[in-house]
Amino acid sequence: MIANFSISCVHIFIVLYILAIEVKYGLAGHGEFRRDYTYTPEAKGWIKFHRVPAPWLEARLKCYYEGAVLMSPVNEQLYAVMRNLMLSRADASFTGVQSLTSTGDYISIEGINLLQMPIQWAKGEPDNLNDTERCLAILPDGSISDTKCEQVRTYMCYKEKTGDETITECGTSDKEYTLDNRTGSCYKFHPDCVTWWRAHMACSSEGGYLVIINSEFEAKLLNERYATKKIKCHELRFIHVGFLNPYSDRAYWFTVDGKRLEDAGYDRWAQNEPNNVAGTENCGSLLRNNEGFNDWPCNDYLPFVCEIPIHNRKN
């Protein structure tokens, strides 16, 4: 009995010790950066393994919108962590290292030259097969190979700990999101002009969605906040918002959370809209002067607003 009691005490001590380590390094909770990232002490930062494959350029942008970078083996510690993450994988994953601007001159997202990286090449690599392989991938055995950037692969995003990461009342460490208690949502204005699809991806990557307007009050709020904001394209009148018509039948407009537009709480169209000019206007936009919705080509470029809902709306 005494021996069993001692063993039980040892087990309890080990469990408590592990929990203490997890709390210390943010592993037991959600960490301080993002809830979908895991803090890794060896990497001195947070990591997310994206199991849904993408081309290299899309992977880079996904990490960017998440507030991170496409992970690269820029030092021994990060390379070791990447190798460990690859042990259970069946195929290669992208790194953040590429030579898109100059063949063979590989550089990481952070601007670190490949010559400074402690990598091990796979047998026969790099070979720049058919002069088409400009990106680097890590194989399941931890070695590195060049590969086509256009291929779709899994990838890792990495955020180095700087000490400035704190999750705000908006549920994100992105300090550009600001809460309005009257609507119960946080908002972020993107002055960069992109397609509706890219705006949707950006907001989703940031932990929210392309803004869904649920009331006249919220439409007015967006107008007051963003009508005079400087933007980075020639089209000054509109912003992308979160609804579209994915069908040829013009009767069905849906918000990005799956509701019929008329059930979302606000469906006021501007005068003579929607008019489907040239048969190409399938995505939603809002006139920045608060005159209502407008249909707009999904592949045209506009600024946009992202929304993160926090609590029950009062308006």
# chains A, B, ... in the order shown; residues from 1 in each chain; ligands from 1
>>> closest_atom_pairs(of="segment 158-259 of chain A", to="segment 278-294 of chain A", cutoff="12 Å", atoms="only C-alpha atoms", output="CSV")
residue,atom,partner,partner_atom,distance
A:Thr195,CA,A:Cys283,CA,9.8
A:Trp196,CA,A:Cys283,CA,7.0
A:Trp197,CA,A:Cys283,CA,9.2
A:Ala199,CA,A:Cys283,CA,11.4
A:His200,CA,A:Cys283,CA,10.9
A:Leu210,CA,A:Gly284,CA,10.3
A:Val211,CA,A:Ser285,CA,10.2
A:Ile212,CA,A:Gly284,CA,10.1
A:Ile213,CA,A:Leu286,CA,9.4
A:Ser215,CA,A:Gly292,CA,11.3
A:Glu216,CA,A:Asn290,CA,9.2
A:Phe217,CA,A:Asn290,CA,10.5
A:Glu218,CA,A:Asn290,CA,10.2
A:Ala219,CA,A:Asn290,CA,6.5
A:Lys220,CA,A:Asn290,CA,6.3
A:Leu221,CA,A:Asn290,CA,9.2
A:Leu222,CA,A:Arg288,CA,7.9
A:Asn223,CA,A:Arg288,CA,5.7
A:Glu224,CA,A:Asn289,CA,8.8
A:Arg225,CA,A:Arg288,CA,9.7
A:Tyr226,CA,A:Arg288,CA,7.2
A:Ala227,CA,A:Arg288,CA,4.9
A:Thr228,CA,A:Arg288,CA,8.3
A:Lys229,CA,A:Arg288,CA,9.8
A:Lys230,CA,A:Arg288,CA,11.8
A:Ile231,CA,A:Arg288,CA,11.7
A:Glu235,CA,A:Arg288,CA,10.9
A:Leu236,CA,A:Arg288,CA,8.0
A:Arg237,CA,A:Arg288,CA,5.6
A:Phe238,CA,A:Leu287,CA,4.5
A:Ile239,CA,A:Ser285,CA,5.4
A:His240,CA,A:Ser285,CA,4.4
A:Val241,CA,A:Ser285,CA,5.1
A:Gly242,CA,A:Gly284,CA,6.5
A:Phe243,CA,A:Gly284,CA,5.1
A:Leu244,CA,A:Cys283,CA,4.2
A:Asn245,CA,A:Asn282,CA,5.1
A:Pro246,CA,A:Asn282,CA,6.7
A:Tyr247,CA,A:Asn282,CA,8.1
A:Ser248,CA,A:Asn282,CA,8.7
A:Asp249,CA,A:Asn282,CA,10.3
A:Arg250,CA,A:Asn282,CA,8.4
A:Ala251,CA,A:Asn282,CA,11.1
A:Tyr252,CA,A:Asn282,CA,10.2
A:Trp253,CA,A:Asn282,CA,8.7
A:Phe254,CA,A:Gly284,CA,9.4
A:Thr255,CA,A:Gly284,CA,8.9
A:Val256,CA,A:Gly284,CA,10.3
>>> residues_around(residues="Cys135 of chain A", least_positions_apart="5", cutoff="10 Å", atoms="only C-alpha atoms", output="PyMOL selection string")
chain A and resi 56-57+94-100+104+106-107+128+145-151
>>> write_last_selection(atoms="N, CA and C atoms", output="compact mmCIF listing (two decimals), in the first residue's frame")
# COMPACT_ATOMS: atom_id res chain seq x y z
N TRP A 56 1.94 28.31 -53.11
CA TRP A 56 2.84 29.04 -52.22
C TRP A 56 2.37 30.48 -51.99
N LEU A 57 1.99 31.16 -53.05
CA LEU A 57 1.58 32.56 -52.91
C LEU A 57 0.35 32.71 -52.02
N PHE A 94 5.24 23.33 -47.80
CA PHE A 94 5.98 24.54 -48.19
C PHE A 94 6.71 25.14 -46.99
N THR A 95 7.86 25.72 -47.26
CA THR A 95 8.51 26.64 -46.33
C THR A 95 8.30 28.05 -46.87
N GLY A 96 8.78 29.04 -46.14
CA GLY A 96 8.67 30.43 -46.59
C GLY A 96 9.84 30.87 -47.45
N VAL A 97 10.61 29.93 -47.96
CA VAL A 97 11.81 30.25 -48.73
C VAL A 97 11.52 30.13 -50.22
N GLN A 98 11.92 31.14 -51.00
CA GLN A 98 11.63 31.16 -52.44
C GLN A 98 12.69 31.94 -53.20
N SER A 99 12.69 31.74 -54.51
CA SER A 99 13.59 32.50 -55.39
C SER A 99 12.81 33.04 -56.58
N LEU A 100 11.62 33.58 -56.31
CA LEU A 100 10.72 34.04 -57.37
C LEU A 100 11.29 35.21 -58.16
N GLY A 104 17.44 30.70 -58.19
CA GLY A 104 18.51 30.15 -57.37
C GLY A 104 18.92 31.00 -56.19
N TYR A 106 17.76 32.06 -53.13
CA TYR A 106 16.68 31.78 -52.19
C TYR A 106 16.75 32.69 -50.97
N ILE A 107 15.56 33.14 -50.55
CA ILE A 107 15.46 34.04 -49.41
C ILE A 107 14.15 33.75 -48.67
N ASN A 128 15.89 22.40 -59.74
CA ASN A 128 15.13 23.34 -60.57
C ASN A 128 14.62 22.66 -61.83
N SER A 145 13.71 20.33 -50.38
CA SER A 145 13.68 20.15 -51.82
C SER A 145 13.09 21.39 -52.47
N ASP A 146 13.55 21.70 -53.69
CA ASP A 146 12.86 22.76 -54.43
C ASP A 146 11.65 22.16 -55.13
N THR A 147 10.64 23.00 -55.34
CA THR A 147 9.37 22.53 -55.87
C THR A 147 8.67 23.67 -56.60
N LYS A 148 7.66 23.34 -57.38
CA LYS A 148 6.89 24.36 -58.07
C LYS A 148 6.05 25.15 -57.06
N CYS A 149 6.11 26.46 -57.17
CA CYS A 149 5.31 27.30 -56.28
C CYS A 149 3.82 27.14 -56.54
N GLU A 150 3.47 26.73 -57.78
CA GLU A 150 2.06 26.61 -58.15
C GLU A 150 1.42 25.33 -57.63
N GLN A 151 2.23 24.37 -57.19
CA GLN A 151 1.65 23.16 -56.60
C GLN A 151 0.90 23.52 -55.33
>>> residues_around(residues="Gln120 of chain A", least_positions_apart="6", cutoff="8 Å", atoms="only C-alpha atoms", output="list in words")
Gly142, Ser143 and Ile144 of chain A
>>> write_last_selection(atoms="C-alpha atoms", output="short mmCIF file (atom, residue, chain, number, x, y, z; two decimals), in the first residue's frame")
data_model
loop_
_atom_site.label_atom_id
_atom_site.label_comp_id
_atom_site.auth_asym_id
_atom_site.auth_seq_id
_atom_site.Cartn_x
_atom_site.Cartn_y
_atom_site.Cartn_z
CA GLY A 142 13.15 16.74 -42.69
CA SER A 143 15.25 17.31 -45.79
CA ILE A 144 14.63 20.24 -48.15
#
>>> residues_around(residues="segment 35-44 of chain A", least_positions_apart="6", cutoff="12 Å", atoms="only C-alpha atoms", output="PyMOL selection string")
chain A and resi 21-29+50+63+66-68+71-82+84-85+156-163+165-167+171-173+205-207
>>> select_by_dssp(residues="segment 118-284 of chain A", states="helix (DSSP H, G or I)", output="ChimeraX atom specification")
/A:129-131,196-205,216-226,261-263,277-279
>>> residues_around(residues="Pro303 of chain A", least_positions_apart="4", cutoff="6 Å", atoms="only C-alpha atoms", output="PyMOL selection string")
chain A and resi 190-193+239
>>> atom_distance(atom1="atom CA of Cys186 of chain A", atom2="atom CA of His311 of chain A")
9.9 Å
>>> select_by_dssp(residues="segment 24-199 of chain A", states="strand (DSSP E)", output="NGL selection string")
:A and (38-40 or 45-54 or 69-70 or 93-98 or 135-138 or 144-147 or 153-160 or 178-180 or 185-194)
>>> atom_distance(atom1="atom CA of Val305 of chain A", atom2="atom CA of Tyr209 of chain A")
8.7 Å
>>> atom_distance(atom1="atom CA of Ser185 of chain A", atom2="atom CA of Val69 of chain A")
26.9 Å
>>> residues_around(residues="Val52 of chain A", least_positions_apart="3", cutoff="9 Å", atoms="only C-alpha atoms", output="JSON, numbers by chain")
{"A": [152, 153, 154, 155]}
>>> closest_residue(among="A:Lys48, A:Cys306, A:Thr168, A:Asn181", to="Cys203 of chain A", atoms="only C-alpha atoms")
A:Cys306
